[in-house]
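Participant: My structure is in start-v8.csv, and what it holds is CSV, C-alpha atoms:
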```csv
chain,number,residue,atom,x,y,z
A,1,MET,CA,163.6,34.8,75.7
A,2,VAL,CA,160.1,35.7,76.7
A,3,PHE,CA,160.0,38.1,73.8
A,4,TYR,CA,160.9,35.3,71.3
A,5,HIS,CA,158.3,33.0,72.8
A,6,ILE,CA,155.6,35.6,72.4
A,7,ALA,CA,156.7,36.6,68.9
A,8,VAL,CA,156.8,33.0,67.6
A,9,ARG,CA,153.4,32.2,69.2
A,10,SER,CA,151.9,35.2,67.5
A,11,GLY,CA,152.6,33.7,64.0
A,12,LEU,CA,154.8,36.5,62.7
A,13,PRO,CA,157.3,35.7,59.9
A,14,CYS,CA,160.8,34.8,61.2
A,15,ASP,CA,162.6,37.6,59.3
A,16,LEU,CA,160.6,40.2,61.0
A,17,ILE,CA,161.2,38.8,64.4
A,18,GLY,CA,165.0,38.9,63.9
A,19,ASN,CA,164.9,42.6,62.9
A,20,MET,CA,162.8,43.5,65.9
A,21,ALA,CA,165.1,41.8,68.2
A,22,ALA,CA,168.0,43.8,66.8
A,23,SER,CA,166.3,47.1,67.3
A,24,ILE,CA,165.4,46.5,71.0
A,25,LYS,CA,167.4,48.5,73.6
A,26,GLN,CA,167.7,47.6,77.3
A,27,GLU,CA,166.6,50.4,79.6
A,28,MET,CA,169.3,51.4,82.0
A,29,PRO,CA,169.6,53.9,84.9
A,30,PRO,CA,170.8,57.4,84.1
A,31,LYS,CA,174.5,58.2,84.1
A,32,GLY,CA,175.8,58.7,87.6
A,33,GLY,CA,172.9,56.8,89.1
A,34,TYR,CA,169.7,57.9,90.6
A,35,GLY,CA,169.5,60.9,93.0
A,36,PRO,CA,169.0,60.5,96.8
A,37,ILE,CA,165.6,59.4,98.0
A,38,ASP,CA,163.5,62.4,99.3
A,39,TRP,CA,162.3,61.1,102.6
A,40,LYS,CA,161.9,64.4,104.4
A,41,GLN,CA,158.5,65.0,106.0
A,42,ARG,CA,156.6,68.1,104.7
A,43,ILE,CA,153.6,69.3,106.7
A,44,PRO,CA,151.5,72.0,104.9
A,45,ARG,CA,151.7,75.2,106.8
A,46,ALA,CA,148.4,76.5,108.4
A,47,LEU,CA,147.1,80.0,107.4
A,48,SER,CA,148.1,82.6,109.8
A,49,GLY,CA,145.5,84.3,112.0
A,50,THR,CA,146.0,87.6,110.3
A,51,ARG,CA,145.4,86.2,106.9
A,52,ILE,CA,142.2,84.5,108.0
A,53,LEU,CA,141.0,87.7,109.7
A,54,LEU,CA,141.7,89.7,106.6
A,55,GLY,CA,139.9,87.2,104.3
A,56,ALA,CA,136.9,87.0,106.5
A,57,THR,CA,136.7,90.8,106.8
A,58,ALA,CA,136.9,91.2,103.0
A,59,PHE,CA,134.2,88.6,102.4
A,60,TRP,CA,132.0,90.3,105.1
A,61,GLY,CA,132.6,93.7,103.6
A,62,LEU,CA,131.6,92.5,100.1
A,63,CYS,CA,128.4,91.0,101.5
A,64,VAL,CA,127.5,94.2,103.3
A,65,ALA,CA,128.3,96.3,100.2
A,66,LYS,CA,126.0,94.1,98.1
A,67,LYS,CA,123.3,94.4,100.7
A,68,LEU,CA,123.6,98.1,100.9
A,69,TYR,CA,123.5,98.5,97.2
A,70,PHE,CA,120.8,96.0,96.2
A,71,ASN,CA,118.5,95.9,99.2
A,72,GLU,CA,116.6,99.0,98.4
A,73,ILE,CA,116.2,97.8,94.8
A,74,TYR,CA,114.8,94.4,95.9
A,75,LEU,CA,112.5,95.9,98.4
A,76,SER,CA,111.1,98.5,96.0
A,77,GLU,CA,110.5,95.8,93.4
A,78,ASN,CA,108.7,93.6,95.8
A,79,ARG,CA,106.7,96.5,97.1
A,80,GLU,CA,105.7,97.2,93.5
A,81,MET,CA,104.4,93.6,93.2
A,82,SER,CA,102.6,94.0,96.5
A,83,ASP,CA,101.0,97.2,95.2
A,84,SER,CA,99.9,95.4,92.1
A,85,ARG,CA,98.1,92.7,94.2
A,86,THR,CA,96.5,95.4,96.4
A,87,ALA,CA,95.3,97.3,93.3
A,88,MET,CA,93.7,94.3,91.7
A,89,TRP,CA,92.0,93.1,94.9
A,90,PRO,CA,88.8,95.2,94.7
A,91,PHE,CA,88.1,94.1,91.1
A,92,LEU,CA,88.4,90.5,92.0
A,93,LEU,CA,86.4,90.9,95.1
A,94,ALA,CA,83.5,92.6,93.3
A,95,GLU,CA,83.2,89.8,90.8
A,96,GLU,CA,83.5,87.1,93.5
A,97,GLN,CA,80.8,88.7,95.6
A,98,ARG,CA,78.4,88.9,92.7
A,99,LEU,CA,78.9,85.2,92.1
A,100,GLU,CA,78.3,84.5,95.7
A,101,ILE,CA,75.1,86.4,95.9
A,102,ARG,CA,73.9,84.7,92.7
A,103,ARG,CA,74.3,81.4,94.5
A,104,TRP,CA,72.4,82.6,97.5
A,105,ARG,CA,69.5,83.6,95.3
A,106,GLU,CA,69.7,80.2,93.5
A,107,ASN,CA,69.7,78.4,96.8
A,108,ARG,CA,66.6,80.2,97.9
A,109,ASP,CA,64.7,79.4,94.7
A,110,TYR,CA,65.7,75.8,94.9
A,111,GLU,CA,64.5,75.6,98.5
A,112,ASN,CA,61.1,77.1,97.5
A,113,GLU,CA,60.8,74.6,94.8
A,114,LEU,CA,61.9,71.6,96.9
A,115,MET,CA,59.9,72.3,100.1
A,116,LYS,CA,56.7,73.5,98.6
A,117,ASP,CA,54.8,70.4,99.7
A,118,VAL,CA,55.9,70.5,103.3
A,119,ASP,CA,53.4,72.0,105.6
A,120,GLY,CA,54.6,74.8,107.9
A,121,TRP,CA,58.0,75.1,106.2
A,122,VAL,CA,59.3,78.7,105.8
A,123,THR,CA,62.2,79.2,103.5
A,124,GLY,CA,65.4,80.2,105.2
A,125,THR,CA,64.2,79.1,108.6
A,126,PHE,CA,63.6,75.8,110.4
A,127,PHE,CA,59.8,75.7,110.5
A,128,GLY,CA,59.7,79.4,111.3
A,129,GLU,CA,62.6,79.4,113.7
A,130,LYS,CA,65.4,81.7,112.7
A,131,VAL,CA,68.9,80.3,112.0
A,132,TYR,CA,70.8,83.3,113.4
A,133,VAL,CA,69.8,85.4,116.4
A,134,ASP,CA,71.3,88.6,115.1
A,135,ASP,CA,69.4,90.1,112.2
A,136,GLU,CA,71.7,93.1,111.5
A,137,ARG,CA,74.8,91.2,110.6
A,138,CYS,CA,75.5,89.2,107.5
A,139,TYR,CA,76.7,85.7,108.2
A,140,SER,CA,77.7,84.1,105.0
A,141,PRO,CA,76.3,80.5,104.8
A,142,SER,CA,78.5,77.6,105.9
A,143,GLY,CA,80.0,75.3,103.3
A,144,ILE,CA,77.3,72.6,103.7
A,145,GLU,CA,74.6,75.2,103.4
A,146,PHE,CA,76.2,76.9,100.4
A,147,TYR,CA,76.4,73.6,98.5
A,148,ALA,CA,73.2,72.2,99.8
A,149,HIS,CA,71.6,71.7,96.4
A,150,ASN,CA,74.8,70.4,94.7
A,151,LYS,CA,76.4,67.1,94.3
A,152,ALA,CA,78.6,65.9,97.1
A,153,SER,CA,81.6,65.9,94.7
A,154,THR,CA,81.3,69.7,94.3
A,155,TYR,CA,81.5,70.2,98.1
A,156,ASN,CA,84.4,67.8,98.3
A,157,HIS,CA,86.2,69.6,95.4
A,158,HIS,CA,86.0,72.9,97.2
A,159,PHE,CA,86.9,71.8,100.7
A,160,TYR,CA,88.9,68.6,100.3
A,161,LYS,CA,90.8,69.1,97.0
A,162,ARG,CA,93.4,66.6,98.1
A,163,LEU,CA,90.9,63.8,98.0
A,164,GLN,CA,90.7,64.2,94.2
A,165,ARG,CA,94.1,62.6,93.9
A,166,PHE,CA,93.1,59.3,95.2
B,167,MET,CA,70.5,90.1,107.5
B,168,SER,CA,71.8,86.6,108.0
B,169,GLY,CA,73.1,84.2,105.4
B,170,SER,CA,70.0,82.1,105.0
B,171,TYR,CA,67.5,84.3,103.4
B,172,THR,CA,63.7,84.1,103.7
B,173,ASN,CA,61.3,85.2,101.0
B,174,GLU,CA,60.8,88.6,102.7
B,175,ASP,CA,64.5,89.4,102.6
B,176,TYR,CA,66.0,91.3,99.7
B,177,VAL,CA,68.3,89.2,97.6
B,178,PRO,CA,69.2,90.7,94.2
B,179,SER,CA,67.8,88.9,91.1
B,180,PHE,CA,69.9,87.5,88.3
B,181,GLU,CA,69.2,90.5,86.1
B,182,GLU,CA,70.6,92.9,88.8
B,183,LEU,CA,73.7,90.8,89.1
B,184,LYS,CA,74.4,90.7,85.4
B,185,VAL,CA,77.0,93.3,84.5
B,186,PRO,CA,79.8,93.2,81.9
B,187,GLU,CA,82.6,91.5,83.8
B,188,LEU,CA,86.2,92.3,83.0
B,189,PRO,CA,87.1,90.0,80.1
B,190,ILE,CA,90.7,89.6,81.0
B,191,SER,CA,93.1,86.8,82.1
B,192,SER,CA,95.6,86.9,85.0
B,193,SER,CA,98.5,88.2,83.0
B,194,THR,CA,96.4,91.1,81.6
B,195,LEU,CA,95.1,91.9,85.0
B,196,ARG,CA,98.7,92.0,86.3
B,197,THR,CA,99.7,94.3,83.4
B,198,ALA,CA,96.8,96.6,83.9
B,199,SER,CA,96.6,96.4,87.7
B,200,LEU,CA,98.6,99.4,88.8
B,201,TYR,CA,97.2,101.8,86.2
B,202,MET,CA,93.6,100.5,86.7
B,203,GLY,CA,93.9,100.8,90.5
B,204,LYS,CA,95.1,104.4,90.1
B,205,TYR,CA,92.4,105.2,87.5
B,206,CYS,CA,89.6,103.8,89.7
B,207,ASP,CA,91.1,104.9,93.0
B,208,GLU,CA,87.9,106.6,94.4
B,209,GLN,CA,85.6,103.7,93.4
B,210,CYS,CA,87.9,101.1,94.8
B,211,LYS,CA,88.3,102.9,98.1
B,212,GLU,CA,84.6,103.4,98.4
B,213,PHE,CA,83.9,99.7,97.7
B,214,MET,CA,86.5,98.5,100.2
B,215,LEU,CA,85.3,100.9,102.8
B,216,CYS,CA,81.8,99.6,102.4
B,217,ASN,CA,83.0,96.1,102.8
B,218,GLU,CA,85.0,96.9,105.8
B,219,GLU,CA,82.1,98.8,107.5
B,220,LEU,CA,79.0,96.7,106.7
B,221,LYS,CA,80.6,93.3,105.9
B,222,ASP,CA,77.6,92.5,103.7
B,223,PRO,CA,78.0,91.8,100.0
B,224,ILE,CA,74.4,92.6,99.2
B,225,ARG,CA,74.6,96.1,100.6
B,226,CYS,CA,77.9,96.8,98.7
B,227,LEU,CA,76.6,95.5,95.4
B,228,ASN,CA,76.3,98.9,93.8
B,229,GLU,CA,79.8,100.0,94.8
B,230,GLY,CA,81.1,96.7,93.3
B,231,LYS,CA,79.3,97.3,90.1
B,232,GLU,CA,80.8,100.8,90.0
B,233,VAL,CA,84.3,99.3,90.4
B,234,THR,CA,83.8,96.9,87.6
B,235,ARG,CA,82.3,99.6,85.3
B,236,CYS,CA,85.3,101.8,86.0
B,237,GLY,CA,87.7,99.0,85.1
B,238,TYR,CA,85.8,98.3,82.0
B,239,GLU,CA,85.9,101.9,81.0
B,240,PHE,CA,89.7,102.0,81.6
B,241,LEU,CA,90.3,99.0,79.5
B,242,LYS,CA,88.3,100.4,76.7
B,243,LYS,CA,90.3,103.6,76.8
B,244,VAL,CA,93.5,101.8,76.8
B,245,ARG,CA,92.4,99.8,73.8
B,246,LEU,CA,91.6,103.0,71.9
B,247,ASN,CA,94.7,104.9,72.8
B,248,CYS,CA,97.7,102.6,73.7
B,249,ARG,CA,96.8,99.2,72.3
B,250,GLU,CA,100.2,98.4,70.8
B,251,GLU,CA,102.2,99.4,73.8
B,252,PHE,CA,99.9,97.6,76.2
B,253,ASN,CA,100.1,94.4,74.1
B,254,ASN,CA,103.9,94.6,74.0
B,255,TYR,CA,104.1,95.0,77.8
B,256,HIS,CA,101.6,92.3,78.3
B,257,SER,CA,103.5,89.7,76.1
B,258,CYS,CA,106.8,90.6,77.8
B,259,LEU,CA,105.3,90.1,81.3
B,260,ASP,CA,103.7,86.8,80.1
B,261,LEU,CA,106.9,85.5,78.6
B,262,HIS,CA,109.7,86.9,80.7
B,263,GLY,CA,108.0,87.8,83.9
B,264,GLY,CA,108.3,84.3,85.4
B,265,LYS,CA,105.8,82.5,87.4
B,266,SER,CA,104.6,85.6,89.3
B,267,MET,CA,104.8,87.9,86.2
B,268,HIS,CA,107.3,90.1,87.9
B,269,PHE,CA,107.7,93.7,86.7
B,270,ARG,CA,111.5,93.8,87.0
B,271,ASN,CA,112.3,92.0,83.7
B,272,CYS,CA,110.1,94.3,81.6
B,273,ARG,CA,111.3,97.8,82.2
B,274,ASP,CA,112.1,98.4,78.5
B,275,SER,CA,108.5,97.7,77.3
B,276,GLN,CA,107.0,99.4,80.3
B,277,GLN,CA,108.4,102.9,79.5
B,278,PRO,CA,106.5,103.3,76.2
B,279,LEU,CA,103.2,102.4,77.9
B,280,ASP,CA,103.9,104.8,80.7
B,281,ASP,CA,104.6,107.6,78.2
B,282,CYS,CA,101.5,106.8,76.2
B,283,LEU,CA,99.2,106.7,79.1
B,284,PHE,CA,100.6,109.9,80.4
B,285,ARG,CA,100.3,111.6,77.0
B,286,THR,CA,96.7,110.4,76.2
B,287,MET,CA,95.0,109.9,79.6
B,288,ASN,CA,97.2,112.0,81.9
B,289,LEU,CA,97.7,108.9,84.0
B,290,GLU,CA,101.0,108.4,85.9
B,291,ARG,CA,102.2,105.1,87.0
B,292,PRO,CA,102.1,105.1,90.8
B,293,GLU,CA,105.4,105.0,92.4
B,294,SER,CA,106.5,101.9,94.3
B,295,GLY,CA,104.6,101.8,97.6
B,296,TYR,CA,101.6,103.9,96.5
B,297,PHE,CA,99.0,101.3,97.4
B,298,VAL,CA,100.7,100.2,100.6
B,299,GLN,CA,100.9,103.5,102.3
B,300,ARG,CA,98.0,105.0,104.2
B,301,ARG,CA,95.6,107.0,102.0
B,302,PHE,CA,92.7,109.1,103.0
B,303,HIS,CA,89.2,109.0,101.5
B,304,SER,CA,86.3,111.3,102.0
B,305,SER,CA,83.0,109.4,101.7
B,306,THR,CA,79.4,110.5,101.8
B,307,ARG,CA,78.5,107.3,103.4
B,308,PRO,CA,76.8,107.5,106.8
B,309,PRO,CA,78.7,106.2,109.8
B,310,PRO,CA,78.5,102.4,110.1
B,311,PRO,CA,76.1,100.7,112.5
B,312,ASP,CA,77.4,99.0,115.6
B,313,LEU,CA,77.7,95.4,114.6
B,314,ARG,CA,78.7,94.1,118.0
B,315,ARG,CA,76.5,91.5,119.6
B,316,LYS,CA,74.2,92.9,122.2
B,317,TYR,CA,74.2,90.7,125.3
B,318,GLU,CA,71.5,90.9,127.8
B,319,ARG,CA,72.6,91.7,131.3
B,320,LEU,CA,71.9,89.0,133.9
B,321,PRO,CA,69.7,90.0,136.9
B,322,PRO,CA,71.7,90.7,140.1
B,323,MET,CA,72.4,87.7,142.3
B,324,ALA,CA,70.1,86.9,145.2
B,325,ASP,CA,71.2,87.6,148.7
B,326,LEU,CA,73.2,84.7,150.1
B,327,ALA,CA,71.5,84.9,153.6
B,328,GLU,CA,68.1,84.4,152.0
B,329,MET,CA,69.1,81.4,150.0
B,330,PRO,CA,67.9,78.0,151.3
B,331,LYS,CA,70.4,76.0,153.3
B,332,GLU,CA,72.5,73.4,151.7
B,333,GLN,CA,70.8,70.0,151.5
B,334,LYS,CA,72.2,66.6,151.1
B,335,PRO,CA,72.0,65.5,147.5
B,336,TYR,CA,70.4,62.2,148.4
B,337,PRO,CA,68.0,61.5,151.3
B,338,CYS,CA,69.6,58.3,152.3
B,339,ASP,CA,73.3,58.2,153.5
B,340,CYS,CA,74.7,55.8,151.0
```
Could the structure of this file be written out as structure tokens, please?

Facilitator:
Amino acid sequence: MVFYHIAVRSGLPCDLIGNMAASIKQEMPPKGGYGPIDWKQRIPRALSGTRILLGATAFWGLCVAKKLYFNEIYLSENREMSDSRTAMWPFLLAEEQRLEIRRWRENRDYENELMKDVDGWVTGTFFGEKVYVDDERCYSPSGIEFYAHNKASTYNHHFYKRLQRF
Amino acid sequence: MSGSYTNEDYVPSFEELKVPELPISSSTLRTASLYMGKYCDEQCKEFMLCNEELKDPIRCLNEGKEVTRCGYEFLKKVRLNCREEFNNYHSCLDLHGGKSMHFRNCRDSQQPLDDCLFRTMNLERPESGYFVQRRFHSSTRPPPPDLRRKYERLPPMADLAEMPKEQKPYPCDC
């Protein structure tokens, strides 16, 4: 009845609807009826202690084998990189120190030029008073002294790089 | 000599500081580092010993110049002899070495360079750990000065019996 209703409402021709109705078959239960309902409770069985122990031992053994085989390789590779860094260090240091000394010289020349009109001023000292007591040792100048004749932004760039983001 | 220099102190002029620097980038330096360090072993050790003993860049200037000259000489030699092999290894390290330019990915292009350097310059690639282990160096440098600060000893304390008696801090008792 419902089928007819839908078919007529859908606007199909009446001949077609009659043929379809003839070909429809009612669904029925299988012969002999359905089987019994399976209501029995099934709990999944836990792994036995032996199996867990065996699995864990196997995993641990694999890890140890990997470590034994690859550890020396990893270490030697990393040692090689460390070697490389150590080997290039004197070359970088020599260049860096030359730049640093150049700046010390520049600073002294700037100071001579800047303070030439001041009476009693001695370059590298505070009116003749030494900055450091010890004369034998080289104290590299502090940041403010090193960048004394620069813009403040240069000093900030060196010592407070994070400020550049804001 | 302290860090702030007077006009009497010796500070090298710009002409003295002007030397041909190594014209190489980071990846080239990484490629050349092990061979260059082996080639300039004596100079590097002398320079680092000077820095360790005197801790003064101006006094170790000549040693530093020697290090750079040796590196320059090595790079020139490599360019003459093993240019192609070096370039192959360098481009491999640059492309496949990752962020730190690791040696492990470039063993195939490393072998020709090793062979070439051994053939032409009799220079072996140092085995892993060569620069980490303790090495000896015989230097003609005089022993370093004692850089420890010299403190003056205080005069011995006066005898307690001879010291004046304790007085009240204030004359009035307030």

Participant: Using all atoms listed in the file, find which residues of chain A lie within 8 Å of chain B and jot them down as a VMD selection string.

Facilitator: chain A and resid 76 to 77 79 to 88 90 to 91 94 to 95 97 to 98 101 to 102 104 to 105 108 122 to 125 131 to 132 134 to 141

Participant: Which is closer to Gly264 of chain B than all the others in B:Glu208, B:Ser193, B:Thr286, B:Pro186, using only C-alpha atoms?

Facilitator: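 Among the listed residues, the smallest separation from Gly264 of chain B belongs to B:Ser193.
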
Participant: What does the distance from atom CA of Asn112 of chain A to atom CA of Ile144 of chain A come to in Å, to one decimal?

Facilitator: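 Taking atom CA of Asn112 of chain A as the start and atom CA of Ile144 of chain A as the end point, the length is 17.9 Å.
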